[in-house]
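S.K.: I'm passing along entry.csv; it holds CSV, C-alpha atoms and all ligand atoms.
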chain,number,residue,atom,x,y,z
A,1,MET,CA,-10.1,-23.8,-1.5
A,2,GLU,CA,-10.6,-20.4,0.0
A,3,ASN,CA,-7.7,-19.2,-2.0
A,4,SER,CA,-8.8,-20.2,-5.5
A,5,ARG,CA,-12.0,-18.3,-5.0
A,6,THR,CA,-10.5,-15.2,-3.6
A,7,VAL,CA,-7.1,-14.7,-5.3
A,8,PHE,CA,-5.4,-15.5,-8.6
A,9,THR,CA,-1.8,-16.7,-8.5
A,10,GLN,CA,-1.7,-17.5,-12.3
A,11,ILE,CA,-2.0,-14.8,-14.9
A,12,SER,CA,-3.9,-17.3,-17.2
A,13,ASP,CA,-6.6,-17.9,-14.5
A,14,PHE,CA,-6.9,-14.2,-14.0
A,15,LEU,CA,-7.3,-13.5,-17.7
A,16,ASP,CA,-9.8,-16.4,-18.1
A,17,TYR,CA,-11.8,-14.8,-15.3
A,18,LEU,CA,-11.8,-11.4,-17.1
A,19,GLY,CA,-13.0,-13.2,-20.2
A,20,ASN,CA,-12.3,-13.1,-23.9
A,21,ASP,CA,-14.3,-10.0,-24.8
A,22,PHE,CA,-12.3,-8.1,-22.2
A,23,ALA,CA,-8.9,-9.2,-23.4
A,24,THR,CA,-9.5,-8.4,-27.1
A,25,ASN,CA,-10.5,-4.8,-26.4
A,26,PHE,CA,-7.7,-2.7,-28.0
A,27,ALA,CA,-6.5,-0.6,-25.0
A,28,ILE,CA,-6.5,-3.7,-22.9
A,29,SER,CA,-4.6,-5.9,-25.4
A,30,LYS,CA,-1.9,-3.2,-25.3
A,31,ALA,CA,-1.7,-3.4,-21.6
A,32,LEU,CA,-1.5,-7.2,-21.9
A,33,ALA,CA,1.5,-7.0,-24.3
A,34,ASP,CA,5.0,-8.0,-23.1
A,35,LEU,CA,3.9,-10.0,-20.1
A,36,ASP,CA,6.5,-11.9,-18.2
A,37,PRO,CA,4.9,-15.3,-17.4
A,38,THR,CA,7.5,-16.3,-14.8
A,39,PRO,CA,8.4,-13.1,-12.9
A,40,LYS,CA,10.8,-13.2,-10.0
A,41,PHE,CA,8.3,-11.2,-7.9
A,42,PRO,CA,5.3,-13.5,-8.5
A,43,PHE,CA,2.0,-12.5,-9.8
A,44,LEU,CA,-0.8,-12.1,-7.2
A,45,CYS,CA,-4.2,-10.4,-7.6
A,46,SER,CA,-7.4,-10.7,-5.7
A,47,ARG,CA,-10.7,-11.5,-7.2
A,48,HIS,CA,-12.0,-8.3,-5.8
A,49,TYR,CA,-9.4,-6.3,-7.7
A,50,ALA,CA,-10.2,-8.3,-10.8
A,51,ASP,CA,-13.8,-7.2,-10.4
A,52,LEU,CA,-12.7,-3.6,-10.0
A,53,ILE,CA,-10.7,-3.9,-13.2
A,54,ARG,CA,-13.7,-5.3,-15.0
A,55,ASN,CA,-15.9,-2.4,-13.9
A,56,ALA,CA,-13.2,0.3,-14.2
A,57,ALA,CA,-13.7,3.3,-16.5
A,58,ASP,CA,-9.9,3.0,-17.2
A,59,PRO,CA,-9.0,-0.7,-16.7
A,60,THR,CA,-5.5,-0.3,-18.0
A,61,ALA,CA,-4.6,2.0,-15.1
A,62,LEU,CA,-5.3,-0.9,-12.7
A,63,LEU,CA,-3.9,-3.6,-14.9
A,64,GLN,CA,-0.6,-1.9,-15.2
A,65,GLN,CA,-0.2,-2.1,-11.4
A,66,ILE,CA,-0.5,-5.9,-11.2
A,67,LEU,CA,0.6,-7.4,-14.5
A,68,PRO,CA,4.3,-8.5,-14.6
A,69,LYS,CA,6.0,-7.1,-17.6
A,70,LYS,CA,9.3,-8.0,-19.3
A,71,GLU,CA,10.4,-4.4,-18.7
A,72,GLU,CA,10.9,-5.4,-15.0
A,73,LEU,CA,14.0,-7.4,-16.0
A,74,LYS,CA,15.7,-4.3,-17.3
A,75,LYS,CA,18.7,-3.2,-15.2
A,76,VAL,CA,18.7,0.6,-14.9
A,77,ASP,CA,21.4,2.7,-13.2
A,78,GLY,CA,20.4,3.9,-9.8
A,79,PHE,CA,17.6,1.3,-9.3
A,80,VAL,CA,18.7,-1.0,-6.5
A,81,ASP,CA,17.4,-3.7,-4.2
A,82,ASP,CA,17.1,-1.5,-1.1
A,83,PRO,CA,16.2,1.9,-2.4
A,84,VAL,CA,15.0,3.4,0.9
A,85,GLY,CA,17.7,2.2,3.2
A,86,ASP,CA,15.6,-0.3,5.1
A,87,GLU,CA,18.5,-2.6,6.0
A,88,PRO,CA,20.7,0.0,7.8
A,89,ALA,CA,17.5,1.1,9.8
A,90,ARG,CA,16.6,-2.4,10.9
A,91,LYS,CA,16.6,-2.7,14.6
A,92,SER,CA,15.5,-6.3,14.6
A,93,ASP,CA,14.0,-8.8,12.1
A,94,CYS,CA,10.7,-6.8,12.2
A,95,VAL,CA,11.4,-3.3,13.5
A,96,ILE,CA,12.6,-0.5,11.3
A,97,GLN,CA,13.2,2.9,12.8
A,98,LYS,CA,14.2,5.9,10.7
A,99,TYR,CA,12.3,8.8,12.2
A,100,ASP,CA,12.0,10.4,15.6
A,101,GLY,CA,9.4,8.8,17.9
A,102,ARG,CA,8.0,6.5,15.3
A,103,ALA,CA,8.8,2.9,14.6
A,104,LEU,CA,7.6,0.8,11.7
A,105,ILE,CA,6.9,-2.9,12.1
A,106,ILE,CA,7.3,-5.4,9.3
A,107,SER,CA,4.2,-7.3,10.6
A,108,THR,CA,4.2,-10.0,7.9
A,109,ALA,CA,5.7,-10.8,4.5
A,110,THR,CA,2.4,-11.2,2.7
A,111,CYS,CA,0.2,-8.7,0.9
A,112,GLY,CA,-3.2,-9.0,-0.7
A,113,VAL,CA,-1.6,-8.2,-4.1
A,114,ARG,CA,1.9,-7.9,-5.6
A,115,CYS,CA,2.2,-4.4,-6.9
A,116,ARG,CA,4.7,-4.3,-9.8
A,117,PHE,CA,6.1,-1.0,-8.5
A,118,CYS,CA,6.6,-2.2,-4.9
A,119,PHE,CA,9.5,-0.5,-3.2
A,120,ARG,CA,10.0,-3.7,-1.0
A,121,LYS,CA,9.8,-6.1,-4.0
A,122,ASN,CA,13.3,-7.2,-3.3
A,123,PHE,CA,13.1,-7.0,0.5
A,124,PRO,CA,14.6,-10.1,2.2
A,125,PHE,CA,11.3,-10.9,3.9
A,126,GLN,CA,11.4,-13.9,6.2
A,127,ASP,CA,8.5,-15.3,8.2
A,128,ILE,CA,8.8,-13.9,11.7
A,129,PRO,CA,7.0,-16.4,13.9
A,130,ASP,CA,7.0,-14.2,17.1
A,131,VAL,CA,6.5,-10.6,15.8
A,132,ALA,CA,4.5,-9.7,18.9
A,133,ARG,CA,7.2,-10.7,21.3
A,134,GLN,CA,10.0,-9.1,19.3
A,135,VAL,CA,8.1,-5.8,19.1
A,136,SER,CA,7.3,-5.9,22.7
A,137,ASP,CA,10.9,-6.6,23.8
A,138,TRP,CA,12.1,-3.8,21.6
A,139,LEU,CA,9.5,-1.3,22.9
A,140,ASP,CA,10.5,-2.2,26.5
A,141,THR,CA,13.8,-0.5,25.9
A,142,HIS,CA,12.6,2.3,23.5
A,143,THR,CA,10.2,4.4,25.5
A,144,ASP,CA,10.7,7.4,23.3
A,145,ILE,CA,8.6,5.7,20.6
A,146,TRP,CA,5.0,7.1,20.8
A,147,GLU,CA,3.7,6.0,17.4
A,148,VAL,CA,3.9,2.4,16.1
A,149,ILE,CA,3.2,1.9,12.4
A,150,LEU,CA,2.1,-1.5,11.3
A,151,SER,CA,3.3,-2.1,7.8
A,152,GLY,CA,4.8,-5.1,5.9
A,153,GLY,CA,3.7,-6.7,3.8
A,154,ASP,CA,0.2,-5.9,4.8
A,155,PRO,CA,-0.5,-6.1,8.6
A,156,LEU,CA,-4.2,-6.9,8.0
A,157,MET,CA,-3.1,-10.1,6.2
A,158,LEU,CA,-2.2,-11.5,9.7
A,159,SER,CA,-4.8,-13.9,11.1
A,160,PRO,CA,-7.2,-12.2,13.5
A,161,GLY,CA,-5.5,-14.0,16.4
A,162,LYS,CA,-2.0,-13.0,15.4
A,163,PHE,CA,-3.0,-9.4,14.6
A,164,ARG,CA,-4.7,-9.2,18.1
A,165,ASP,CA,-1.5,-10.6,19.8
A,166,LEU,CA,0.6,-7.9,18.1
A,167,VAL,CA,-1.7,-5.1,19.0
A,168,GLU,CA,-2.1,-6.3,22.6
A,169,ALA,CA,1.7,-6.5,22.9
A,170,ILE,CA,2.0,-2.9,21.7
A,171,ALA,CA,-0.8,-1.7,24.0
A,172,MET,CA,1.1,-3.0,27.0
A,173,HIS,CA,3.5,-0.1,26.5
A,174,PRO,CA,2.0,3.2,27.9
A,175,SER,CA,4.6,5.2,26.0
A,176,VAL,CA,2.9,4.3,22.7
A,177,THR,CA,-0.1,6.5,22.3
A,178,ALA,CA,-0.7,6.2,18.6
A,179,LEU,CA,-1.2,3.2,16.4
A,180,ARG,CA,-1.0,3.5,12.6
A,181,ILE,CA,-1.8,0.9,10.0
A,182,HIS,CA,-0.5,1.1,6.5
A,183,THR,CA,-2.7,-1.1,4.3
A,184,ARG,CA,-3.8,-1.7,0.7
A,185,LEU,CA,-6.5,-4.2,1.8
A,186,PRO,CA,-9.5,-1.8,1.7
A,187,VAL,CA,-9.2,-1.9,-2.1
A,188,MET,CA,-7.7,-5.4,-2.5
A,189,ARG,CA,-9.3,-7.6,0.1
A,190,PRO,CA,-12.1,-5.6,1.9
A,191,ASP,CA,-13.3,-9.0,3.2
A,192,LEU,CA,-10.1,-9.4,5.2
A,193,VAL,CA,-10.3,-5.9,6.8
A,194,MET,CA,-13.7,-6.8,8.1
A,195,GLN,CA,-12.3,-10.0,9.7
A,196,HIS,CA,-10.5,-7.7,12.1
A,197,PHE,CA,-13.4,-5.5,12.8
A,198,GLU,CA,-14.1,-6.5,16.3
A,199,LEU,CA,-10.5,-5.5,17.3
A,200,LEU,CA,-10.4,-2.4,15.1
A,201,ARG,CA,-13.6,-1.1,16.7
A,202,GLU,CA,-12.1,-1.4,20.2
A,203,LEU,CA,-8.8,0.3,19.5
A,204,PRO,CA,-9.6,4.0,19.4
A,205,ALA,CA,-10.5,3.8,23.1
A,206,ARG,CA,-6.8,2.8,23.7
A,207,PHE,CA,-4.8,4.7,21.1
A,208,ASN,CA,-5.0,7.6,18.7
A,209,CYS,CA,-5.7,5.4,15.6
A,210,VAL,CA,-4.8,6.2,12.1
A,211,LEU,CA,-5.4,4.0,9.0
A,212,VAL,CA,-3.3,5.0,6.0
A,213,SER,CA,-4.7,3.3,2.9
A,214,HIS,CA,-2.8,2.9,-0.3
A,215,VAL,CA,-5.0,3.8,-3.3
A,216,ASN,CA,-3.6,5.0,-6.6
A,217,HIS,CA,-6.6,5.5,-8.8
A,218,ALA,CA,-10.3,6.4,-8.3
A,219,ASP,CA,-11.4,3.2,-10.0
A,220,GLU,CA,-9.9,1.2,-7.1
A,221,LEU,CA,-12.6,2.7,-4.8
A,222,ASP,CA,-16.0,1.1,-4.8
A,223,PRO,CA,-19.0,0.6,-2.4
A,224,GLU,CA,-17.0,-2.1,-0.5
A,225,SER,CA,-14.1,0.2,0.3
A,226,ALA,CA,-16.7,2.9,1.2
A,227,THR,CA,-18.2,0.5,3.7
A,228,VAL,CA,-14.9,-0.4,5.3
A,229,PHE,CA,-13.9,3.3,5.6
A,230,ALA,CA,-17.3,4.3,6.9
A,231,GLN,CA,-17.2,1.7,9.6
A,232,LEU,CA,-13.7,2.7,10.7
A,233,ARG,CA,-14.6,6.4,10.8
A,234,TYR,CA,-17.7,5.7,12.8
A,235,CYS,CA,-15.4,4.0,15.4
A,236,GLY,CA,-13.1,7.0,15.6
A,237,TRP,CA,-10.3,6.1,13.2
A,238,THR,CA,-8.5,9.0,11.3
A,239,LEU,CA,-8.4,8.0,7.6
A,240,LEU,CA,-5.6,9.1,5.3
A,241,ASN,CA,-4.3,7.8,2.0
A,242,GLN,CA,-1.0,7.5,0.3
A,243,SER,CA,-0.5,7.0,-3.4
A,244,VAL,CA,2.5,6.4,-5.6
A,245,LEU,CA,2.9,8.6,-8.7
A,246,LEU,CA,3.0,6.1,-11.5
A,247,LYS,CA,3.5,6.6,-15.2
A,248,GLY,CA,0.6,5.1,-17.2
A,249,VAL,CA,-1.5,4.8,-14.0
A,250,ASN,CA,-2.1,8.2,-12.5
A,251,ASN,CA,0.3,10.7,-14.0
A,252,ASN,CA,-2.5,12.9,-15.2
A,253,ALA,CA,-4.0,15.9,-13.3
A,254,GLU,CA,-7.6,14.8,-14.0
A,255,THR,CA,-6.9,11.3,-12.7
A,256,LEU,CA,-5.2,12.7,-9.5
A,257,ALA,CA,-8.0,15.2,-8.9
A,258,ALA,CA,-10.6,12.5,-9.4
A,259,LEU,CA,-8.7,10.2,-6.9
A,260,SER,CA,-8.7,13.0,-4.2
A,261,LYS,CA,-12.4,13.7,-4.7
A,262,LYS,CA,-13.4,10.0,-4.6
A,263,LEU,CA,-11.2,9.4,-1.5
A,264,PHE,CA,-12.9,12.4,0.2
A,265,SER,CA,-16.4,11.1,-0.8
A,266,GLN,CA,-15.4,7.9,1.2
A,267,GLY,CA,-14.2,9.9,4.2
A,268,VAL,CA,-10.4,9.6,3.5
A,269,LEU,CA,-8.0,12.6,3.1
A,270,PRO,CA,-5.0,12.4,0.8
A,271,TYR,CA,-1.7,12.4,2.8
A,272,TYR,CA,1.3,11.6,0.6
A,273,LEU,CA,1.9,11.3,-3.1
A,274,HIS,CA,5.1,9.5,-3.3
A,275,GLN,CA,7.7,9.8,-6.0
A,276,LEU,CA,8.7,6.3,-7.0
A,277,ASP,CA,11.3,4.6,-4.9
A,278,HIS,CA,14.0,3.3,-7.1
A,279,ALA,CA,13.7,-0.4,-6.6
A,280,ASN,CA,15.2,-2.8,-9.2
A,281,GLY,CA,12.6,-3.5,-11.9
A,282,VAL,CA,10.3,-0.5,-11.5
A,283,ALA,CA,12.0,2.1,-13.7
A,284,HIS,CA,9.3,2.1,-16.4
A,285,PHE,CA,6.9,3.6,-13.8
A,286,GLU,CA,9.1,6.7,-13.2
A,287,VAL,CA,7.6,10.2,-13.5
A,288,ASN,CA,10.3,12.9,-13.4
A,289,ASP,CA,10.2,15.7,-10.8
A,290,PRO,CA,9.3,18.6,-13.1
A,291,GLU,CA,6.2,16.7,-14.4
A,292,ALA,CA,5.3,15.6,-10.8
A,293,ARG,CA,5.5,19.2,-9.6
A,294,SER,CA,3.4,20.5,-12.5
A,295,LEU,CA,0.8,17.9,-11.8
A,296,ILE,CA,0.5,19.1,-8.2
A,297,ALA,CA,0.3,22.7,-9.4
A,298,GLU,CA,-2.6,21.6,-11.8
A,299,ILE,CA,-4.6,19.9,-9.1
A,300,ARG,CA,-4.1,22.7,-6.7
A,301,LYS,CA,-6.0,24.9,-9.1
A,302,VAL,CA,-9.1,22.7,-8.9
A,303,LEU,CA,-9.1,21.2,-5.4
A,304,PRO,CA,-9.5,22.6,-1.9
A,305,GLY,CA,-6.1,22.6,-0.1
A,306,TYR,CA,-7.0,19.7,2.1
A,307,LEU,CA,-7.4,17.5,-1.0
A,308,VAL,CA,-3.9,18.2,-2.3
A,309,PRO,CA,-1.5,15.4,-1.2
A,310,ARG,CA,2.1,16.3,-0.2
A,311,LEU,CA,4.5,15.3,-3.0
A,312,VAL,CA,7.4,13.6,-1.3
A,313,ARG,CA,10.3,11.3,-1.9
A,314,GLU,CA,12.0,9.0,0.6
A,315,ILE,CA,15.8,9.5,0.7
A,316,ALA,CA,17.8,6.9,2.5
A,317,GLY,CA,19.3,8.4,5.7
A,318,GLU,CA,17.1,11.5,5.9
A,319,LYS,CA,15.1,12.2,9.1
A,320,SER,CA,11.8,12.5,7.3
A,321,LYS,CA,10.2,12.0,3.9
A,322,MET,CA,11.4,14.9,1.8
A,323,PRO,CA,9.2,17.4,-0.1
A,324,VAL,CA,9.9,17.3,-3.8
A,401,LIG,C1,7.5,6.5,5.9
A,401,LIG,C2,7.9,5.9,7.2
A,401,LIG,C3,7.4,6.4,8.4
A,401,LIG,C4,6.2,7.3,8.4
A,401,LIG,O1,6.6,8.6,8.1
A,401,LIG,P1,5.5,9.8,8.3
A,401,LIG,O2,6.2,10.9,7.6
A,401,LIG,O3,5.3,9.9,9.7
A,401,LIG,O4,4.3,9.3,7.6
A,401,LIG,C5,7.9,5.9,9.6
A,401,LIG,N1,8.9,5.0,9.6
A,401,LIG,C6,9.5,4.5,8.4
A,401,LIG,C7,10.6,3.6,8.5
A,401,LIG,C8,9.0,5.0,7.2
A,401,LIG,O5,9.5,4.5,6.1
A,402,LIG,S1,0.6,-3.5,-1.0
A,402,LIG,FE1,2.5,-2.3,-0.6
A,402,LIG,S2,4.0,-3.7,0.2
A,402,LIG,FE2,2.4,-4.9,-0.8
A,402,LIG,S3,3.1,-5.3,-2.9
A,402,LIG,FE3,1.8,-3.4,-2.9
A,402,LIG,S4,3.3,-1.7,-2.7
A,402,LIG,FE4,4.3,-3.6,-2.0
What do you get writing this file as structure tokens?
M.R.:
Amino acid sequence: MENSRTVFTQISDFLDYLGNDFATNFAISKALADLDPTPKFPFLCSRHYADLIRNAADPTALLQQILPKKEELKKVDGFVDDPVGDEPARKSDCVIQKYDGRALIISTATCGVRCRFCFRKNFPFQDIPDVARQVSDWLDTHTDIWEVILSGGDPLMLSPGKFRDLVEAIAMHPSVTALRIHTRLPVMRPDLVMQHFELLRELPARFNCVLVSHVNHADELDPESATVFAQLRYCGWTLLNQSVLLKGVNNNAETLAALSKKLFSQGVLPYYLHQLDHANGVAHFEVNDPEARSLIAEIRKVLPGYLVPRLVREIAGEKSKMPV
């Protein structure tokens, strides 16, 4: 019951919710063309995001991120199932370590949305019943790790109890001094972020806490995301954002500048702008490097330096994200 009121798993229900007037608008009908009704990476969108789409100045930029298209079926050279080398860097079912001192935890397989450009859309997720214990055992023997990054899936999709277990297991390791959460829920399911609030409020006393949101367009930010960010900031969280550069969504200097400004107005600084990871089925979102660099050069002319994200690409096997 909860589900049918908060998320859509059927494209038809989602479109019904948006309504007829909306779907017949010309720009939107273009975005609705070529849908794949039975995608391998299934459709999922929250009601909150549907409301954002309804109120967006540019609804197509949001629609493109969640609507499954037949283009995803196209096989393109160089686009593979594991584009960022997650498999060779897996230390256990749920621990991935690529970089010095930092480990990333696949906390859960679920997200508040299924982004069509997701770099882990082909990741062999399995439900890991005892994430907390696995992480704890691994950290016991890896005392060089000082920052733990909770990723996924979306770590804030865990039930409050499981999320607390995981954080408590990490907190037992004095070598870990920083906790980072990578999440798209402030713009997908702000209600679920608030479920964890009691714990999130306590954490800055124990760790250096960083929340890295994933927001790609200014229209994804609204008063609810502002509330989530304001409360976290008030408790001492550092707030950063990462975006993916996406054709048809945000490959435009005005759009990127507006995103940086709106993030800042909600207390969040841009961190990374990622060049698309080459996962199977995402090639139609690709923006080439010269265009990407010139977009950054454009926004640098109109923004303070601290609002210009670092343009990076992940290259499997490298010791950090690589500047483009
Ligand atoms: C991106 C990533 C990180 C974080 O890298 P930063 O440059 O510190 O943001 C850490 N671990 C893995 C496996 C990653 O993919
Ligand atoms: S929120 Fe992140 S991990 Fe989840 S579907 Fe979107 S891009 Fe993929």
S.K.: Which residues are near stretch 187-198 of chain A? Cut-off 7 Å, only C-alpha atoms, ignore same chain within fewer than 2 positions. Put them as a PDB file with C-alpha atoms, in the frame of the given file.
M.R.:
ATOM      1  CA  SER A  46      -7.400 -10.700  -5.700  1.00  0.00           C
ATOM      2  CA  HIS A  48     -12.000  -8.300  -5.800  1.00  0.00           C
ATOM      3  CA  TYR A  49      -9.400  -6.300  -7.700  1.00  0.00           C
ATOM      4  CA  GLY A 112      -3.200  -9.000  -0.700  1.00  0.00           C
ATOM      5  CA  VAL A 113      -1.600  -8.200  -4.100  1.00  0.00           C
ATOM      6  CA  LEU A 156      -4.200  -6.900   8.000  1.00  0.00           C
ATOM      7  CA  PRO A 160      -7.200 -12.200  13.500  1.00  0.00           C
ATOM      8  CA  ARG A 184      -3.800  -1.700   0.700  1.00  0.00           C
ATOM      9  CA  LEU A 185      -6.500  -4.200   1.800  1.00  0.00           C
ATOM     10  CA  LEU A 200     -10.400  -2.400  15.100  1.00  0.00           C
ATOM     11  CA  ARG A 201     -13.600  -1.100  16.700  1.00  0.00           C
ATOM     12  CA  GLU A 202     -12.100  -1.400  20.200  1.00  0.00           C
ATOM     13  CA  GLU A 220      -9.900   1.200  -7.100  1.00  0.00           C
ATOM     14  CA  LEU A 221     -12.600   2.700  -4.800  1.00  0.00           C
ATOM     15  CA  GLU A 224     -17.000  -2.100  -0.500  1.00  0.00           C
ATOM     16  CA  SER A 225     -14.100   0.200   0.300  1.00  0.00           C
ATOM     17  CA  VAL A 228     -14.900  -0.400   5.300  1.00  0.00           C
TER      18      VAL A 228
END
S.K.: Pick the closest to A:Asn251 from A:Ser213, A:Ser294, A:Ser320, A:Gln231: which is it, counting all atoms listed in the file?
M.R.: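 Among the listed residues, A:Ser294 lies closest to A:Asn251.
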S.K.: Within 9 Å of (-13.9, 5.1, 4.1) in the file's own coordinates, which protein, DNA or RNA residues have an atom, counting only C-alpha atoms? List them as a PyMOL selection string.
M.R.: chain A and resi 186+225-233+239+263-268
S.K.: For the selection you just gave me, I'd like the residues written to a file as a PDB file, in the frame of the given file, keeping C-alpha atoms.
M.R.:
ATOM      1  CA  PRO A 186      -9.500  -1.800   1.700  1.00  0.00           C
ATOM      2  CA  SER A 225     -14.100   0.200   0.300  1.00  0.00           C
ATOM      3  CA  ALA A 226     -16.700   2.900   1.200  1.00  0.00           C
ATOM      4  CA  THR A 227     -18.200   0.500   3.700  1.00  0.00           C
ATOM      5  CA  VAL A 228     -14.900  -0.400   5.300  1.00  0.00           C
ATOM      6  CA  PHE A 229     -13.900   3.300   5.600  1.00  0.00           C
ATOM      7  CA  ALA A 230     -17.300   4.300   6.900  1.00  0.00           C
ATOM      8  CA  GLN A 231     -17.200   1.700   9.600  1.00  0.00           C
ATOM      9  CA  LEU A 232     -13.700   2.700  10.700  1.00  0.00           C
ATOM     10  CA  ARG A 233     -14.600   6.400  10.800  1.00  0.00           C
ATOM     11  CA  LEU A 239      -8.400   8.000   7.600  1.00  0.00           C
ATOM     12  CA  LEU A 263     -11.200   9.400  -1.500  1.00  0.00           C
ATOM     13  CA  PHE A 264     -12.900  12.400   0.200  1.00  0.00           C
ATOM     14  CA  SER A 265     -16.400  11.100  -0.800  1.00  0.00           C
ATOM     15  CA  GLN A 266     -15.400   7.900   1.200  1.00  0.00           C
ATOM     16  CA  GLY A 267     -14.200   9.900   4.200  1.00  0.00           C
ATOM     17  CA  VAL A 268     -10.400   9.600   3.500  1.00  0.00           C
TER      18      VAL A 268
END
S.K.: With all atoms listed in the file as the atoms that count, which of A:Ile149, A:Ile181, A:Val76, A:Leu211 lies nearest to ligand LIG 401 (chain A)?
M.R.: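 Looking only at the distances to ligand LIG 401 (chain A), the closest residue turns out to be A:Ile149.
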S.K.: Throw together the list of residues within 6 Å of ligand LIG 401 (chain A), counting only C-alpha atoms and all ligand atoms, and drop it here as a VMD selection string.
M.R.: chain A and resid 96 to 99 102 to 104 320 to 321
S.K.: Determine the nearest neighbour of ligand LIG 402 (chain A) from the options A:Lys30, A:Arg310, A:His217, A:His182, counting all atoms listed in the file.
M.R.: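 Smallest distance to ligand LIG 402 (chain A) is found for A:His182.
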S.K.: Using atom CA of A:Gly236 and atom CA of A:Phe207 as the two end points, give the distance in Å to one decimal.
M.R.: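 Between these atoms lies a distance of 10.2 Å.
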S.K.: For the contact check between chain A and ligand LIG 402 (chain A), emit one row per residue of chain A within 8 Å, containing the shortest atom pair and the distance in Å rounded to one decimal, counting all atoms listed in the file, chain then rising number order, as a Markdown table.
M.R.:
| residue | atom | partner | partner_atom | distance |
| --- | --- | --- | --- | --- |
| A:Thr110 | CA | A:LIG402 | FE2 | 7.2 |
| A:Cys111 | CA | A:LIG402 | FE2 | 4.7 |
| A:Gly112 | CA | A:LIG402 | S1 | 6.7 |
| A:Val113 | CA | A:LIG402 | S3 | 5.7 |
| A:Arg114 | CA | A:LIG402 | S3 | 3.9 |
| A:Cys115 | CA | A:LIG402 | FE3 | 4.1 |
| A:Arg116 | CA | A:LIG402 | S3 | 7.2 |
| A:Phe117 | CA | A:LIG402 | S4 | 6.5 |
| A:Cys118 | CA | A:LIG402 | FE4 | 4.0 |
| A:Phe119 | CA | A:LIG402 | FE4 | 6.2 |
| A:Arg120 | CA | A:LIG402 | FE4 | 5.8 |
| A:Lys121 | CA | A:LIG402 | FE4 | 6.4 |
| A:Ser151 | CA | A:LIG402 | S2 | 7.8 |
| A:Gly152 | CA | A:LIG402 | S2 | 5.9 |
| A:Gly153 | CA | A:LIG402 | S2 | 4.7 |
| A:Asp154 | CA | A:LIG402 | FE2 | 6.1 |
| A:Thr183 | CA | A:LIG402 | S1 | 6.7 |
| A:Arg184 | CA | A:LIG402 | S1 | 5.0 |
| A:Leu185 | CA | A:LIG402 | S1 | 7.7 |
| A:His214 | CA | A:LIG402 | S1 | 7.3 |
S.K.: At what distance in Å, to one decimal, does atom CA of A:Glu314 lie from atom CA of A:Pro88?
M.R.: 14.4 Å
S.K.: Which of these, A:Ala169, A:Thr9, A:Phe14, A:Ala257, has the shortest distance to A:Ile53 once you count all atoms listed in the file?
M.R.: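 With all atoms listed in the file as the atom set, the closest residue is A:Phe14.
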